[in-house]
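One structure is given here, and the rest of the page talks about it.
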Amino acid sequence: RQQFGGTLGGPILKDKLFFFTNYEYNNQDGSSIHLPLIAPSFAGFTASPFNETLFTSKVDWNINSKTNSYFRYSFNDNDNNVPFPPGTGIVPRNSTSGIFGSNNQVVLNTTHGFVFGLSRTFSPNVTNSFVYSLNDFHNRVDPLVPDIPEIRTINDGQTFRSGTNAITPQITDQSRNQLRNDLTWARGNHTFRFGGNYERTSITGLFVFANPSRIRIFEPLGDGSTEDDFLDAPVFDLSYGIGDATLPFNTPEGATVNHRFQFYGNDNWKLTKR
């Protein structure tokens, strides 16, 4: 495992403008276990590397004695090579037909985050805080080995899985905008708080199934160690993915959009001076 990073920060304008940045990188050489119950000769461990990059940057601005603002940017990018579900799959081996390729998935995630905040003191008794944020998330799940029919065995709970993972590739793209405002008003023994929050989320993606195909067999012949043992096995079912894999399905607008509105108000009342 290798991990390193660093931070840097300081004033840009004395007592007015400040910055801070942070960078981290993580490289981990892990492993995954495969336990195909019906074909133990394919059991064992395979490499499962994980890589991640993190970056954060923030700027604070003291506009005047009553007003402050900040801007923050964050970035996260990671990738991982794993079996799904955990414990399934095989240790790949060479074969004439290529059916004993890895069933692992390659999972990639990238996130960009932006936040802007503005605080204002209107009087000794009244303050207001406004925040806008944008979060952009991209997830992609690819097959480690493409273009090979997936083979699964039924009689062992489908723990034997070889070839292109049947639920790849997948893509999820999500964008979320958020506006939030909070007002605090102190009056006598009362502290009133009022606020509201609005979120707009847009989601698109891709979901591919059984491409090029998924073949489920009852169990391999013989001891389940040779190519012929699987190619000659009785077939339980055969699936082919057809149609447009774009998400969301049957949405002419091209994206699923959600709007959320939230409002609140409360009063903290101090009954006595104690």
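Going through the structure tokens in order, the chains are called A, B, and so on, while each chain numbers its residues from 1 and the ligands are numbered from 1 in the order shown.
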- Query: Out of region 114-241 of chain A, which residues get strand (DSSP E) from DSSP, as a ChimeraX atom specification?
  - Reply: /A:114-123,126-143,150-153,161-162,170-187,190-207,214-217,235-239
- Fewer than 3 positions away in the same chain doesn't count, so skip those; otherwise give me all residues within 12 Å of Gly30 (chain A), counting only C-alpha atoms, as a list in words.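 Non-adjacent residues within range: Arg1, Gln2, Asn27, Ile33, Phe45, Thr46, Ala47, Ser48, Pro49, Phe50, Asn51, Asn80, Asn81 and Val82 of chain A.
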- Message: So, with only C-alpha atoms as the atoms that count, which of A:Gly5, A:Pro83, A:Gly254, A:Pro220 lies closest to Asp156 (chain A)?
- Response: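 Using only C-alpha atoms, Asp156 (chain A) sits closest to A:Pro220.
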- Query: So what do you get for CA of Asp147 (chain A) versus CA of Ser213 (chain A), distance-wise?
  - Reply: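 Atom-to-atom, CA of Asp147 (chain A) and CA of Ser213 (chain A) are spaced 8.8 Å apart.
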- Query: Pick the closest to Phe218 (chain A) from A:Gln174, A:Ile38, A:Gln3, A:Tyr132: which is it, counting only C-alpha atoms?
  - Reply: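 Answer, going by the shortest atom-to-atom distance: A:Ile38.
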- Message: Just checking: using only C-alpha atoms, which residue out of A:Thr96, A:Thr53, A:Ser65, A:Asn78 ends up closest to Asp228 (chain A)?
- Response: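 With only C-alpha atoms as the atom set, the closest residue is A:Thr96.
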Write out as a PDB file with all heavy atoms, in the first residue's frame the residues lying within 6 Å of region 181-197 of chain A, counting only C-alpha atoms and excluding same-chain residues fewer than 2 positions away.
```pdb
ATOM      1  N   ASN A 125     -28.664  41.388  16.515  1.00  0.00           N
ATOM      2  CA  ASN A 125     -29.686  40.386  16.778  1.00  0.00           C
ATOM      3  C   ASN A 125     -30.079  39.568  15.554  1.00  0.00           C
ATOM      4  O   ASN A 125     -30.812  38.586  15.691  1.00  0.00           O
ATOM      5  CB  ASN A 125     -30.952  41.048  17.336  1.00  0.00           C
ATOM      6  CG  ASN A 125     -30.705  41.747  18.654  1.00  0.00           C
ATOM      7  OD1 ASN A 125     -29.848  41.329  19.429  1.00  0.00           O
ATOM      8  ND2 ASN A 125     -31.443  42.818  18.896  1.00  0.00           N
ATOM      9  N   VAL A 126     -29.627  39.959  14.371  1.00  0.00           N
ATOM     10  CA  VAL A 126     -30.082  39.300  13.144  1.00  0.00           C
ATOM     11  C   VAL A 126     -28.877  38.902  12.290  1.00  0.00           C
ATOM     12  O   VAL A 126     -28.053  39.750  11.943  1.00  0.00           O
ATOM     13  CB  VAL A 126     -31.015  40.214  12.322  1.00  0.00           C
ATOM     14  CG1 VAL A 126     -31.463  39.485  11.047  1.00  0.00           C
ATOM     15  CG2 VAL A 126     -32.229  40.634  13.141  1.00  0.00           C
ATOM     16  N   THR A 127     -28.794  37.599  11.971  1.00  0.00           N
ATOM     17  CA  THR A 127     -27.744  37.093  11.090  1.00  0.00           C
ATOM     18  C   THR A 127     -28.376  36.193  10.028  1.00  0.00           C
ATOM     19  O   THR A 127     -29.440  35.615  10.244  1.00  0.00           O
ATOM     20  CB  THR A 127     -26.680  36.291  11.861  1.00  0.00           C
ATOM     21  OG1 THR A 127     -27.306  35.163  12.490  1.00  0.00           O
ATOM     22  CG2 THR A 127     -25.989  37.147  12.904  1.00  0.00           C
ATOM     23  N   ASN A 128     -27.691  36.088   8.892  1.00  0.00           N
ATOM     24  CA  ASN A 128     -28.205  35.263   7.801  1.00  0.00           C
ATOM     25  C   ASN A 128     -27.053  34.488   7.165  1.00  0.00           C
ATOM     26  O   ASN A 128     -25.931  34.998   7.023  1.00  0.00           O
ATOM     27  CB  ASN A 128     -28.894  36.118   6.744  1.00  0.00           C
ATOM     28  CG  ASN A 128     -29.653  35.267   5.733  1.00  0.00           C
ATOM     29  OD1 ASN A 128     -30.756  34.816   6.001  1.00  0.00           O
ATOM     30  ND2 ASN A 128     -29.060  35.041   4.568  1.00  0.00           N
ATOM     31  N   SER A 129     -27.346  33.243   6.763  1.00  0.00           N
ATOM     32  CA  SER A 129     -26.357  32.391   6.105  1.00  0.00           C
ATOM     33  C   SER A 129     -26.966  31.805   4.837  1.00  0.00           C
ATOM     34  O   SER A 129     -28.062  31.229   4.874  1.00  0.00           O
ATOM     35  CB  SER A 129     -25.915  31.263   7.043  1.00  0.00           C
ATOM     36  OG  SER A 129     -25.068  30.354   6.360  1.00  0.00           O
ATOM     37  N   PHE A 130     -26.264  31.958   3.712  1.00  0.00           N
ATOM     38  CA  PHE A 130     -26.713  31.430   2.430  1.00  0.00           C
ATOM     39  C   PHE A 130     -25.639  30.497   1.882  1.00  0.00           C
ATOM     40  O   PHE A 130     -24.443  30.818   1.912  1.00  0.00           O
ATOM     41  CB  PHE A 130     -26.973  32.562   1.435  1.00  0.00           C
ATOM     42  CG  PHE A 130     -27.206  32.075   0.021  1.00  0.00           C
ATOM     43  CD1 PHE A 130     -28.441  31.568  -0.348  1.00  0.00           C
ATOM     44  CD2 PHE A 130     -26.178  32.098  -0.914  1.00  0.00           C
ATOM     45  CE1 PHE A 130     -28.650  31.106  -1.637  1.00  0.00           C
ATOM     46  CE2 PHE A 130     -26.381  31.642  -2.200  1.00  0.00           C
ATOM     47  CZ  PHE A 130     -27.620  31.143  -2.567  1.00  0.00           C
ATOM     48  N   LEU A 179     -29.712  24.932  -2.887  1.00  0.00           N
ATOM     49  CA  LEU A 179     -29.736  26.285  -2.331  1.00  0.00           C
ATOM     50  C   LEU A 179     -30.308  26.203  -0.924  1.00  0.00           C
ATOM     51  O   LEU A 179     -31.354  25.603  -0.704  1.00  0.00           O
ATOM     52  CB  LEU A 179     -30.610  27.207  -3.187  1.00  0.00           C
ATOM     53  CG  LEU A 179     -30.170  27.465  -4.627  1.00  0.00           C
ATOM     54  CD1 LEU A 179     -31.278  28.160  -5.395  1.00  0.00           C
ATOM     55  CD2 LEU A 179     -28.899  28.292  -4.659  1.00  0.00           C
ATOM     56  N   PHE A 261     -38.348  20.720  -1.967  1.00  0.00           N
ATOM     57  CA  PHE A 261     -38.448  21.983  -1.240  1.00  0.00           C
ATOM     58  C   PHE A 261     -38.646  21.668   0.245  1.00  0.00           C
ATOM     59  O   PHE A 261     -39.477  20.836   0.598  1.00  0.00           O
ATOM     60  CB  PHE A 261     -39.625  22.808  -1.755  1.00  0.00           C
ATOM     61  CG  PHE A 261     -39.505  23.220  -3.201  1.00  0.00           C
ATOM     62  CD1 PHE A 261     -39.981  22.385  -4.210  1.00  0.00           C
ATOM     63  CD2 PHE A 261     -38.911  24.426  -3.544  1.00  0.00           C
ATOM     64  CE1 PHE A 261     -39.886  22.754  -5.539  1.00  0.00           C
ATOM     65  CE2 PHE A 261     -38.804  24.800  -4.874  1.00  0.00           C
ATOM     66  CZ  PHE A 261     -39.292  23.970  -5.876  1.00  0.00           C
ATOM     67  N   GLN A 262     -37.901  22.355   1.082  1.00  0.00           N
ATOM     68  CA  GLN A 262     -38.026  22.172   2.532  1.00  0.00           C
ATOM     69  C   GLN A 262     -37.992  23.544   3.206  1.00  0.00           C
ATOM     70  O   GLN A 262     -37.182  24.407   2.831  1.00  0.00           O
ATOM     71  CB  GLN A 262     -36.893  21.305   3.077  1.00  0.00           C
ATOM     72  CG  GLN A 262     -36.867  19.882   2.518  1.00  0.00           C
ATOM     73  CD  GLN A 262     -35.609  19.127   2.925  1.00  0.00           C
ATOM     74  OE1 GLN A 262     -34.500  19.651   2.853  1.00  0.00           O
ATOM     75  NE2 GLN A 262     -35.777  17.891   3.353  1.00  0.00           N
ATOM     76  N   PHE A 263     -38.863  23.704   4.206  1.00  0.00           N
ATOM     77  CA  PHE A 263     -38.907  24.946   4.964  1.00  0.00           C
ATOM     78  C   PHE A 263     -39.023  24.607   6.450  1.00  0.00           C
ATOM     79  O   PHE A 263     -39.579  23.574   6.820  1.00  0.00           O
ATOM     80  CB  PHE A 263     -40.107  25.798   4.535  1.00  0.00           C
ATOM     81  CG  PHE A 263     -40.115  26.140   3.073  1.00  0.00           C
ATOM     82  CD1 PHE A 263     -40.844  25.357   2.182  1.00  0.00           C
ATOM     83  CD2 PHE A 263     -39.402  27.228   2.596  1.00  0.00           C
ATOM     84  CE1 PHE A 263     -40.856  25.654   0.833  1.00  0.00           C
ATOM     85  CE2 PHE A 263     -39.404  27.537   1.244  1.00  0.00           C
ATOM     86  CZ  PHE A 263     -40.129  26.754   0.358  1.00  0.00           C
ATOM     87  N   TYR A 264     -38.491  25.478   7.273  1.00  0.00           N
ATOM     88  CA  TYR A 264     -38.595  25.243   8.712  1.00  0.00           C
ATOM     89  C   TYR A 264     -38.644  26.573   9.454  1.00  0.00           C
ATOM     90  O   TYR A 264     -38.275  27.641   8.934  1.00  0.00           O
ATOM     91  CB  TYR A 264     -37.400  24.420   9.218  1.00  0.00           C
ATOM     92  CG  TYR A 264     -36.115  25.211   9.352  1.00  0.00           C
ATOM     93  CD1 TYR A 264     -35.776  25.832  10.558  1.00  0.00           C
ATOM     94  CD2 TYR A 264     -35.237  25.345   8.277  1.00  0.00           C
ATOM     95  CE1 TYR A 264     -34.607  26.555  10.686  1.00  0.00           C
ATOM     96  CE2 TYR A 264     -34.071  26.062   8.391  1.00  0.00           C
ATOM     97  CZ  TYR A 264     -33.753  26.666   9.597  1.00  0.00           C
ATOM     98  OH  TYR A 264     -32.585  27.402   9.720  1.00  0.00           O
ATOM     99  N   GLY A 265     -39.085  26.490  10.684  1.00  0.00           N
ATOM    100  CA  GLY A 265     -39.080  27.624  11.593  1.00  0.00           C
ATOM    101  C   GLY A 265     -39.158  27.116  13.019  1.00  0.00           C
ATOM    102  O   GLY A 265     -39.881  26.157  13.296  1.00  0.00           O
ATOM    103  N   ASN A 266     -38.395  27.711  13.928  1.00  0.00           N
ATOM    104  CA  ASN A 266     -38.478  27.295  15.330  1.00  0.00           C
ATOM    105  C   ASN A 266     -38.140  28.466  16.243  1.00  0.00           C
ATOM    106  O   ASN A 266     -37.593  29.495  15.799  1.00  0.00           O
ATOM    107  CB  ASN A 266     -37.581  26.082  15.611  1.00  0.00           C
ATOM    108  CG  ASN A 266     -36.103  26.370  15.456  1.00  0.00           C
ATOM    109  OD1 ASN A 266     -35.565  27.287  16.062  1.00  0.00           O
ATOM    110  ND2 ASN A 266     -35.418  25.585  14.625  1.00  0.00           N
ATOM    111  N   ASP A 267     -38.440  28.284  17.497  1.00  0.00           N
ATOM    112  CA  ASP A 267     -38.205  29.315  18.507  1.00  0.00           C
ATOM    113  C   ASP A 267     -37.602  28.669  19.735  1.00  0.00           C
ATOM    114  O   ASP A 267     -38.175  27.706  20.291  1.00  0.00           O
ATOM    115  CB  ASP A 267     -39.514  30.013  18.853  1.00  0.00           C
ATOM    116  CG  ASP A 267     -39.351  30.962  20.042  1.00  0.00           C
ATOM    117  OD1 ASP A 267     -38.245  31.476  20.235  1.00  0.00           O
ATOM    118  OD2 ASP A 267     -40.357  31.170  20.774  1.00  0.00           O
ATOM    119  N   ASN A 268     -36.436  29.147  20.139  1.00  0.00           N
ATOM    120  CA  ASN A 268     -35.833  28.748  21.408  1.00  0.00           C
ATOM    121  C   ASN A 268     -36.171  29.834  22.448  1.00  0.00           C
ATOM    122  O   ASN A 268     -35.719  30.979  22.320  1.00  0.00           O
ATOM    123  CB  ASN A 268     -34.317  28.603  21.283  1.00  0.00           C
ATOM    124  CG  ASN A 268     -33.927  27.423  20.444  1.00  0.00           C
ATOM    125  OD1 ASN A 268     -34.671  26.447  20.347  1.00  0.00           O
ATOM    126  ND2 ASN A 268     -32.756  27.489  19.820  1.00  0.00           N
ATOM    127  N   TRP A 269     -36.960  29.432  23.440  1.00  0.00           N
ATOM    128  CA  TRP A 269     -37.455  30.393  24.417  1.00  0.00           C
ATOM    129  C   TRP A 269     -36.809  30.131  25.762  1.00  0.00           C
ATOM    130  O   TRP A 269     -36.958  29.061  26.341  1.00  0.00           O
ATOM    131  CB  TRP A 269     -38.985  30.289  24.502  1.00  0.00           C
ATOM    132  CG  TRP A 269     -39.632  31.271  25.430  1.00  0.00           C
ATOM    133  CD1 TRP A 269     -39.085  32.366  26.011  1.00  0.00           C
ATOM    134  CD2 TRP A 269     -40.986  31.211  25.880  1.00  0.00           C
ATOM    135  NE1 TRP A 269     -39.989  33.004  26.791  1.00  0.00           N
ATOM    136  CE2 TRP A 269     -41.170  32.342  26.744  1.00  0.00           C
ATOM    137  CE3 TRP A 269     -42.052  30.344  25.634  1.00  0.00           C
ATOM    138  CZ2 TRP A 269     -42.386  32.579  27.364  1.00  0.00           C
ATOM    139  CZ3 TRP A 269     -43.255  30.611  26.265  1.00  0.00           C
ATOM    140  CH2 TRP A 269     -43.427  31.722  27.116  1.00  0.00           C
ATOM    141  N   LYS A 270     -36.079  31.109  26.249  1.00  0.00           N
ATOM    142  CA  LYS A 270     -35.415  30.994  27.552  1.00  0.00           C
ATOM    143  C   LYS A 270     -36.395  31.528  28.603  1.00  0.00           C
ATOM    144  O   LYS A 270     -36.665  32.713  28.694  1.00  0.00           O
ATOM    145  CB  LYS A 270     -34.128  31.801  27.560  1.00  0.00           C
ATOM    146  CG  LYS A 270     -33.298  31.595  28.811  1.00  0.00           C
ATOM    147  CD  LYS A 270     -31.959  32.345  28.702  1.00  0.00           C
ATOM    148  CE  LYS A 270     -31.095  32.084  29.930  1.00  0.00           C
ATOM    149  NZ  LYS A 270     -29.804  32.811  29.830  1.00  0.00           N
TER     150      LYS A 270
END
```
- Message: Using only C-alpha atoms, which protein or nucleic acid residues come within 8 Å of Leu118 (chain A)? Drop anything in the same chain fewer than 5 positions from it, and give the result as a PyMOL selection string.
- Response: chain A and resi 67-70+129-131
Please produce a file of the residues just selected, as a PDB file, in the first residue's frame, where the atoms kept are N, CA and C atoms.
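And here's part-v4.pdb as it stands now:
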```pdb
ATOM      1  N   THR A  67     -19.666  40.862   6.876  1.00  0.00           N
ATOM      2  CA  THR A  67     -19.927  39.924   5.789  1.00  0.00           C
ATOM      3  C   THR A  67     -18.713  39.031   5.542  1.00  0.00           C
ATOM      4  N   ASN A  68     -18.960  37.721   5.460  1.00  0.00           N
ATOM      5  CA  ASN A  68     -17.915  36.740   5.158  1.00  0.00           C
ATOM      6  C   ASN A  68     -18.414  35.786   4.082  1.00  0.00           C
ATOM      7  N   SER A  69     -17.485  35.306   3.275  1.00  0.00           N
ATOM      8  CA  SER A  69     -17.866  34.333   2.257  1.00  0.00           C
ATOM      9  C   SER A  69     -16.745  33.315   2.095  1.00  0.00           C
ATOM     10  N   TYR A  70     -17.075  32.189   1.451  1.00  0.00           N
ATOM     11  CA  TYR A  70     -16.076  31.167   1.173  1.00  0.00           C
ATOM     12  C   TYR A  70     -16.457  30.408  -0.088  1.00  0.00           C
ATOM     13  N   SER A 129     -27.346  33.243   6.763  1.00  0.00           N
ATOM     14  CA  SER A 129     -26.357  32.391   6.105  1.00  0.00           C
ATOM     15  C   SER A 129     -26.966  31.805   4.837  1.00  0.00           C
ATOM     16  N   PHE A 130     -26.264  31.958   3.712  1.00  0.00           N
ATOM     17  CA  PHE A 130     -26.713  31.430   2.430  1.00  0.00           C
ATOM     18  C   PHE A 130     -25.639  30.497   1.882  1.00  0.00           C
ATOM     19  N   VAL A 131     -26.069  29.327   1.366  1.00  0.00           N
ATOM     20  CA  VAL A 131     -25.131  28.347   0.819  1.00  0.00           C
ATOM     21  C   VAL A 131     -25.666  27.817  -0.504  1.00  0.00           C
TER      22      VAL A 131
END
```
- Determine the nearest neighbour of Asn211 (chain A) from the options A:Thr159, A:Thr226, A:Asn165, A:Ser175, counting only C-alpha atoms.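 Counting only C-alpha atoms, the residue closest to Asn211 (chain A) is A:Asn165.
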- Item | Point-to-point distance in Å for CA of Thr7 (chain A) and CA of Leu108 (chain A) |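 Straight-line distance from CA of Leu108 (chain A) to CA of Thr7 (chain A) works out to 25.5 Å.
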- One decimal, Å: what's the distance from CA of Val257 (chain A) over to CA of Ser133 (chain A), could you say?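 Here the two named atoms are 17.0 Å from each other.
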- Item | All residues 7 Å or closer to Val91 (chain A), only C-alpha atoms, same chain fewer than 3 positions away omitted, as a VMD selection string | chain A and resid 34 42 to 46 102
- Query: Out of A:Phe160, A:Tyr198, A:Phe137, A:Phe114, which residue has the shortest atom-to-atom distance to Asp173 (chain A) when counting only C-alpha atoms?
  - Reply: A:Phe137
- Item | Spatial neighbours of Phe100 (chain A), max dist 9 Å, only C-alpha atoms, sep filter under 3 positions, as an NGL selection string | :A and (90-95 or 97 or 103 or 151 or 161-163 or 227)
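Comparing the minimum interatomic distances between Phe19 (chain A) and each of A:Val59, A:Val235, A:Val141, A:Leu221, counting only C-alpha atoms, we find that A:Val59 sits nearest.
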- Task: Within region 218-255 of chain A, find each residue whose DSSP state, derived from the backbone, is alpha helix (DSSP H), and express the selection as a VMD selection string.
- Result: chain A and resid 227 to 231
Please write the residues from the selection above to a file, keeping N, CA and C atoms, as a compact mmCIF listing (two decimals), in the first residue's frame.
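Ended up saving to out-v5.txt:
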```txt
# COMPACT_ATOMS: atom_id res chain seq x y z
N GLU A 227 -12.46 -27.50 -20.25
CA GLU A 227 -13.33 -26.74 -21.12
C GLU A 227 -14.51 -27.60 -21.60
N ASP A 228 -14.27 -28.85 -21.95
CA ASP A 228 -15.34 -29.74 -22.42
C ASP A 228 -16.38 -30.00 -21.33
N ASP A 229 -15.94 -30.02 -20.06
CA ASP A 229 -16.88 -30.24 -18.96
C ASP A 229 -17.98 -29.18 -18.95
N PHE A 230 -17.64 -27.96 -19.35
CA PHE A 230 -18.61 -26.86 -19.35
C PHE A 230 -19.34 -26.76 -20.69
N LEU A 231 -18.64 -26.93 -21.79
CA LEU A 231 -19.29 -26.80 -23.10
C LEU A 231 -20.30 -27.91 -23.35
```
